[in-house]
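A.B. asks: What follows is the file final.cif, containing mmCIF, C-alpha atoms:
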data_final
#
loop_
_atom_site.label_atom_id
_atom_site.label_comp_id
_atom_site.auth_asym_id
_atom_site.auth_seq_id
_atom_site.Cartn_x
_atom_site.Cartn_y
_atom_site.Cartn_z
CA MET A 4 -41.85 15.17 42.61
CA LYS A 5 -39.71 15.12 39.50
CA TRP A 6 -39.42 18.91 39.41
CA ILE A 7 -38.34 18.99 43.06
CA LEU A 8 -35.62 16.49 42.20
CA VAL A 9 -34.65 18.58 39.16
CA LEU A 10 -34.29 21.60 41.46
CA ILE A 11 -32.17 19.67 43.97
CA ILE A 12 -29.93 18.37 41.19
CA ALA A 13 -29.50 21.83 39.65
CA THR A 14 -28.85 23.60 42.95
CA CYS A 15 -26.29 21.07 44.14
CA ASN A 16 -24.66 20.98 40.69
CA THR A 17 -24.28 24.76 40.71
CA LEU A 18 -22.91 24.77 44.24
CA GLY A 19 -20.56 21.90 43.44
CA ASP A 20 -19.30 23.53 40.23
CA VAL A 21 -18.57 26.83 41.94
CA LEU A 22 -16.75 25.13 44.82
CA ASN A 23 -14.80 22.85 42.48
CA THR A 24 -13.76 25.68 40.16
CA ALA A 25 -12.56 27.78 43.07
CA GLY A 26 -10.80 24.82 44.62
CA MET A 27 -9.11 23.51 41.46
CA LYS A 28 -7.71 26.93 40.61
CA ARG A 29 -5.71 26.76 43.83
CA GLN A 30 -4.02 23.55 42.73
CA SER A 31 -1.38 22.99 40.11
CA GLU A 32 -2.56 22.71 36.54
CA VAL A 33 -2.98 19.23 35.05
CA ASP A 34 -0.88 19.15 31.89
CA ARG A 35 -1.11 15.51 30.86
CA LEU A 36 -3.35 12.45 31.22
CA ALA A 37 -0.51 10.36 32.70
CA PRO A 38 -1.56 8.19 35.68
CA ARG A 39 1.04 9.82 37.93
CA THR A 40 -0.24 13.32 37.17
CA LEU A 41 -3.82 12.23 37.80
CA LEU A 42 -2.80 10.57 41.06
CA GLN A 43 -1.11 13.77 42.16
CA MET A 44 -4.27 15.66 41.27
CA VAL A 45 -6.41 13.28 43.35
CA LEU A 46 -4.01 13.51 46.31
CA GLN A 47 -4.17 17.30 46.17
CA ILE A 48 -7.95 17.19 45.99
CA ALA A 49 -8.00 15.06 49.17
CA ARG A 50 -6.42 18.02 50.98
CA ASN A 51 -8.53 20.67 49.25
CA PRO A 52 -11.55 21.61 51.40
CA LEU A 53 -13.27 23.57 48.64
CA VAL A 54 -13.19 20.68 46.19
CA LEU A 55 -14.19 18.21 48.91
CA ALA A 56 -17.23 20.34 49.71
CA GLY A 57 -17.93 20.65 46.01
CA LEU A 58 -17.77 16.89 45.61
CA GLY A 59 -20.13 16.55 48.58
CA ALA A 60 -22.68 18.79 46.88
CA LEU A 61 -22.28 16.79 43.68
CA ALA A 62 -22.87 13.57 45.66
CA VAL A 63 -26.25 14.88 46.86
CA SER A 64 -26.99 15.90 43.29
CA PHE A 65 -26.07 12.41 42.15
CA PHE A 66 -28.46 10.62 44.50
CA ALA A 67 -31.21 12.98 43.41
CA LEU A 68 -30.36 12.08 39.81
CA LEU A 69 -30.61 8.36 40.58
CA SER A 70 -34.02 8.99 42.03
CA LEU A 71 -35.11 11.09 39.04
CA LEU A 72 -33.85 8.47 36.58
CA SER A 73 -35.89 5.83 38.38
CA ILE A 74 -39.09 7.75 37.70
CA THR A 75 -38.44 9.49 34.35
CA THR A 76 -36.48 9.02 31.12
CA VAL A 77 -32.83 10.03 30.58
CA SER A 78 -33.87 12.36 27.76
CA PHE A 79 -36.02 14.29 30.24
CA ALA A 80 -33.83 14.03 33.32
CA VAL A 81 -30.46 15.15 32.01
CA PRO A 82 -31.63 18.14 29.91
CA ALA A 83 -33.88 19.24 32.80
CA THR A 84 -30.80 19.67 34.97
CA ALA A 85 -29.72 22.41 32.57
CA VAL A 86 -31.79 24.76 34.73
CA SER A 87 -28.52 25.00 36.68
CA TYR A 88 -27.41 27.44 33.96
CA LEU A 89 -30.11 29.81 35.16
CA LEU A 90 -29.06 29.30 38.77
CA GLU A 91 -25.41 29.89 37.95
CA THR A 92 -26.22 33.10 36.10
CA LEU A 93 -28.32 34.37 39.02
CA LEU A 94 -25.52 33.40 41.41
CA ALA A 95 -22.91 35.20 39.33
CA LYS A 96 -24.95 38.40 39.37
CA THR A 97 -26.17 38.42 42.97
CA VAL A 98 -23.52 36.63 45.06
CA LEU A 99 -20.34 36.85 43.00
CA LYS A 100 -21.24 40.34 41.78
CA GLU A 101 -19.89 39.60 38.32
CA GLU A 102 -20.66 41.66 35.26
CA VAL A 103 -23.19 39.44 33.55
CA THR A 104 -23.33 40.10 29.82
CA TRP A 105 -26.57 40.23 27.88
CA HIS A 106 -25.85 37.02 26.05
CA ARG A 107 -25.45 35.21 29.34
CA TRP A 108 -28.90 36.42 30.42
CA ALA A 109 -30.34 35.59 27.00
CA GLY A 110 -28.78 32.14 27.22
CA ALA A 111 -30.19 31.58 30.70
CA ALA A 112 -33.64 32.65 29.48
CA LEU A 113 -33.43 30.27 26.51
CA VAL A 114 -32.37 27.42 28.78
CA SER A 115 -35.30 28.11 31.12
CA PHE A 116 -37.71 28.13 28.19
CA GLY A 117 -36.21 24.92 26.83
CA VAL A 118 -36.51 23.19 30.20
CA ALA A 119 -40.16 24.21 30.43
CA LEU A 120 -40.75 22.63 26.99
CA LEU A 121 -39.40 19.30 28.28
CA GLU A 122 -42.59 18.83 30.25
CA TRP A 123 -44.42 18.02 27.01
CA MET B 25 23.99 46.33 32.87
CA ARG B 26 20.97 45.70 30.72
CA MET B 27 20.16 42.07 29.97
CA THR B 28 18.55 41.36 26.65
CA ALA B 29 17.02 38.07 25.69
CA GLU B 30 17.36 36.83 22.14
CA TYR B 31 13.93 35.23 22.30
CA PRO B 32 11.05 35.33 24.79
CA THR B 33 11.42 32.91 27.69
CA GLU B 34 8.61 31.28 29.65
CA ALA B 35 9.84 32.12 33.14
CA ASN B 36 6.81 30.71 34.84
CA THR B 37 6.72 27.15 33.43
CA ASP B 38 8.87 24.36 34.77
CA VAL B 39 8.59 22.25 31.64
CA GLU B 40 8.55 23.62 28.11
CA VAL B 41 5.28 22.38 26.69
CA PRO B 42 4.63 23.42 23.09
CA LYS B 43 1.38 25.35 22.69
CA SER B 44 0.08 22.79 20.18
CA LEU B 45 0.42 20.02 22.77
CA GLU B 46 -1.40 22.11 25.36
CA VAL B 47 -4.30 22.72 23.01
CA HIS B 48 -4.26 19.07 21.93
CA THR B 49 -4.40 17.86 25.53
CA THR B 50 -7.31 20.18 26.25
CA ARG B 51 -9.12 18.85 23.18
CA VAL B 52 -8.55 15.24 24.24
CA PHE B 53 -9.87 16.02 27.72
CA THR B 54 -12.89 17.71 26.14
CA VAL B 55 -13.74 14.70 23.95
CA VAL B 56 -13.34 12.33 26.91
CA VAL B 57 -15.60 14.56 29.02
CA ILE B 58 -18.34 14.50 26.38
CA ILE B 59 -18.19 10.76 25.69
CA THR B 60 -18.08 9.68 29.34
CA ASN B 61 -20.95 12.04 30.18
CA VAL B 62 -23.22 10.49 27.53
CA ILE B 63 -22.27 6.86 28.14
CA GLY B 64 -22.36 7.24 31.92
CA ASN B 65 -25.80 8.86 32.02
CA ILE B 66 -27.29 6.37 29.56
CA SER B 67 -25.96 3.42 31.60
CA LEU B 68 -27.28 4.97 34.77
CA GLY B 69 -30.69 5.50 33.20
CA ARG B 70 -30.84 1.93 31.99
CA GLY B 71 -29.83 0.64 35.42
CA MET B 72 -32.30 2.78 37.37
CA HIS B 73 -35.16 1.68 35.14
CA ALA B 74 -34.29 -1.93 35.86
CA VAL B 75 -34.06 -1.28 39.59
CA GLY B 76 -37.37 0.57 39.83
CA LYS B 77 -38.59 3.66 41.63
CA ILE B 78 -36.47 5.06 44.45
CA VAL B 79 -37.60 8.35 45.95
CA SER B 80 -35.92 8.86 49.31
CA ALA B 81 -33.70 11.19 51.29
CA SER B 82 -31.98 8.26 52.95
CA PRO B 83 -28.80 6.96 51.27
CA LEU B 84 -29.62 3.44 52.53
CA ASP B 85 -32.56 3.18 50.16
CA TYR B 86 -30.17 3.64 47.26
CA VAL B 87 -28.07 0.61 48.06
CA ARG B 88 -30.21 -1.64 45.87
CA ALA B 89 -29.61 0.72 42.96
CA PHE B 90 -26.02 -0.51 42.96
CA ALA B 91 -27.05 -4.14 42.70
CA ASN B 92 -27.52 -3.55 38.98
CA PRO B 93 -24.53 -3.83 36.60
CA TRP B 94 -25.73 -0.95 34.41
CA THR B 95 -25.86 1.38 37.41
CA ILE B 96 -22.41 0.29 38.54
CA ALA B 97 -21.02 0.73 35.02
CA GLY B 98 -22.69 4.14 34.77
CA VAL B 99 -21.20 5.24 38.08
CA CYS B 100 -17.71 4.11 37.05
CA VAL B 101 -17.91 5.94 33.74
CA LEU B 102 -19.26 9.05 35.47
CA VAL B 103 -16.38 8.93 37.95
CA VAL B 104 -14.01 9.04 34.97
CA TRP B 105 -16.14 11.87 33.60
CA MET B 106 -15.89 13.81 36.84
CA LEU B 107 -12.12 13.45 37.14
CA THR B 108 -11.56 14.43 33.53
CA ASP B 109 -13.96 17.35 33.99
CA LEU B 110 -11.97 18.53 37.02
CA ALA B 111 -8.76 18.17 35.06
CA LEU B 112 -10.30 20.18 32.22
CA LEU B 113 -11.44 22.86 34.67
CA SER B 114 -7.90 23.21 35.99
CA ARG B 115 -6.70 24.26 32.55
CA ALA B 116 -9.73 25.93 30.96
CA ASP B 117 -12.23 28.55 32.13
CA LEU B 118 -15.74 27.64 33.18
CA SER B 119 -16.81 29.76 30.23
CA PHE B 120 -15.14 27.25 27.88
CA VAL B 121 -16.33 24.15 29.70
CA MET B 122 -19.97 25.19 29.72
CA PRO B 123 -20.54 25.08 25.94
CA VAL B 124 -18.90 21.66 26.00
CA THR B 125 -21.57 20.53 28.41
CA ALA B 126 -24.16 22.19 26.17
CA SER B 127 -23.44 19.76 23.35
CA THR B 128 -24.03 16.78 25.60
CA TYR B 129 -27.75 17.50 26.03
CA VAL B 130 -28.56 16.82 22.40
CA LEU B 131 -26.24 13.82 22.35
CA ILE B 132 -27.89 12.35 25.43
CA ALA B 133 -31.37 12.85 24.00
CA LEU B 134 -30.25 11.14 20.79
CA ALA B 135 -28.67 8.28 22.72
CA GLY B 136 -31.82 8.00 24.84
CA ARG B 137 -33.90 7.66 21.68
CA LEU B 138 -31.58 5.28 19.82
CA LEU B 139 -30.19 3.15 22.62
CA LEU B 140 -32.93 3.21 25.25
CA HIS B 141 -35.84 3.59 22.79
CA GLU B 142 -37.28 6.47 24.78
CA GLN B 143 -40.28 8.28 23.37
CA ILE B 144 -39.45 11.92 22.81
CA SER B 145 -42.18 14.26 21.58
CA TRP B 146 -41.43 17.03 19.10
CA VAL B 147 -42.01 19.60 21.84
CA ARG B 148 -39.44 17.88 24.01
CA TRP B 149 -36.92 17.76 21.14
CA THR B 150 -37.48 21.46 20.63
CA GLY B 151 -36.85 21.95 24.34
CA VAL B 152 -33.56 20.06 24.13
CA VAL B 153 -32.41 22.09 21.12
CA VAL B 154 -33.41 25.37 22.79
CA ILE B 155 -31.53 24.31 25.93
CA THR B 156 -28.43 23.54 23.87
CA LEU B 157 -28.59 26.94 22.15
CA GLY B 158 -29.13 28.70 25.46
CA ALA B 159 -26.30 26.81 27.15
CA ALA B 160 -23.92 27.58 24.29
CA LEU B 161 -24.91 31.25 24.48
CA VAL B 162 -24.33 31.35 28.24
CA GLY B 163 -20.83 30.01 27.75
CA LYS B 164 -19.96 32.47 25.03
CA THR B 165 -18.25 35.16 27.09
CA PRO B 166 -15.85 37.68 25.55
CA VAL B 167 -12.32 36.40 24.89
CA ARG B 168 -10.69 39.51 26.38
CA THR B 169 -10.44 39.42 30.14
CA THR B 170 -9.17 43.00 30.47
CA LYS B 171 -11.72 45.37 31.90
CA PRO B 172 -13.35 47.93 29.63
CA GLN B 173 -12.17 51.57 29.75
CA PRO B 174 -13.75 53.64 32.53
CA GLU B 175 -16.41 55.99 31.19
CA HIS B 176 -14.43 59.23 31.63
CA LEU B 177 -11.49 58.00 29.58
CA ARG B 178 -13.49 57.09 26.45
#
Is it possible to give me this structure as structure tokens?

C.D. replies:
Amino acid sequence: MKWILVLIIATCNTLGDVLNTAGMKRQSEVDRLAPRTLLQMVLQIARNPLVLAGLGALAVSFFALLSLLSITTVSFAVPATAVSYLLETLLAKTVLKEEVTWHRWAGAALVSFGVALLEW
Amino acid sequence: MRMTAEYPTEANTDVEVPKSLEVHTTRVFTVVVIITNVIGNISLGRGMHAVGKIVSASPLDYVRAFANPWTIAGVCVLVVWMLTDLALLSRADLSFVMPVTASTYVLIALAGRLLLHEQISWVRWTGVVVITLGAALVGKTPVRTTKPQPEHLR
């Protein structure tokens, strides 16, 4: 069960990240931590369908994380979600048709190996 | 009539923000992102252990998770994390943000060991370190964003 949850978390994280990145790039840049600037950012997000969808995906990921944390330790759960790096790299190559450099593939392979080690 | 400028002008910025302040703001955001990620996840972990096992596709079953102060605190801190992360993403590439996230895995494992007294085997520690290295490597894309020369022009 825990690996299914890990997969759900990673998939929804990846989806959420991609949607949020695309969505935030369409908004104005945040240049200071002032409350008014942050409020403006939040108001823009409320009208940004990409970021809203991204946040929705992250919400699903979050509930899956709550579930995972209730059955495993934090030091397993959070690093395990790093498998999203592998998913993101695969996504970049297949769907986004990006040029994926060798060190990105090597990094994704290392992450996958590291996640597998977490089991023990 | 040719117009010459005495010094370069930033035509595309409304407010003149010195480069050092831009970099400084990004660094502050980055530190906040890392700290809130670690504290938020640790709080959440502590809370969910107190609440007990919840494995369900129905959001209603998660309501009791929020009856615990650690879970609530964790959620609040993670909300701050998420907003700061979005703010960071609006001013830095995903390829910069990802190595930042990479560092949090080791920090979370350490915090899990020290604060939550979790048992972490040597194999698992190795896994965490390997993940961190891999994540940092994934984020390390070339600085230049210009495309390489087409083959026939080399």

A.B. asks: Given the file above and the PyMOL selection byres ((chain B) within 6 of (chain A)), which residues are selected, and can you give them as JSON, numbers by chain?

C.D. replies: {"B": [69, 72, 73, 76, 77, 78, 79, 111, 114, 115, 129, 133, 136, 147, 148, 151, 154, 155, 158, 159, 161, 162]}

A.B. asks: Mind giving me the straight-line distance from CA of Glu46 in chain B to CA of Ala160 in chain B in Å, one decimal?

C.D. replies: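 Computing the Euclidean distance for CA of Glu46 in chain B and CA of Ala160 in chain B yields 23.2 Å.
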
A.B. asks: What does the distance from CA of Thr17 in chain A to CA of Thr150 in chain B come to in Å, to one decimal?

C.D. replies: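 One can read the CA of Thr17 in chain A to CA of Thr150 in chain B distance as 24.3 Å.
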
A.B. asks: Quick one, how far is CA of Leu18 in chain A from CA of Leu53 in chain A?

C.D. replies: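 Going from CA of Leu18 in chain A over to CA of Leu53 in chain A, I get 10.7 Å.
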
A.B. asks: Hey, could you pull the box centre and edge lengths for range 114-122 of chain A, axis-aligned, 3 Å padding per side, all listed atoms, to one decimal in Å, as AutoDock Vina command-line options?

C.D. replies:
--center_x -37.5 --center_y 23.5 --center_z 29.0 --size_x 16.2 --size_y 15.3 --size_z 10.3

A.B. asks: When the PyMOL selection byres ((chain B and resi 54-59) around 7) is applied to the structure above, which residues does it catch, written out as a PyMOL selection string?

C.D. replies: chain B and resi 50-53+60-63+105+108-109+128

A.B. asks: Measuring between only C-alpha atoms, which one of B:Val99, B:Val104, B:Leu110, B:Leu68 shows the shortest distance to Leu22 in chain A?

C.D. replies: B:Leu110

A.B. asks: Ranking A:Gln47, A:Asn16, A:Thr40, A:Thr97 by minimum distance to Ala60 in chain A and counting all atoms listed in the file, which one comes first?

C.D. replies: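 Of the candidates, the smallest distance to Ala60 in chain A is held by A:Asn16.
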
A.B. asks: Tell me which of B:Leu45, B:Val75, B:Val153, B:Leu107 sits closest to Phe90 in chain B, counting all atoms listed in the file.

C.D. replies: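 Of B:Leu45, B:Val75, B:Val153, B:Leu107, the one nearest Phe90 in chain B is B:Val75, counting all atoms listed in the file.
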
A.B. asks: Select, from B:Val101, B:Leu112, B:Ile66, B:Val47, the residue with the minimum atom-to-atom distance to Leu138 in chain B, counting only C-alpha atoms.

C.D. replies: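 The closest residue to Leu138 in chain B is B:Ile66.
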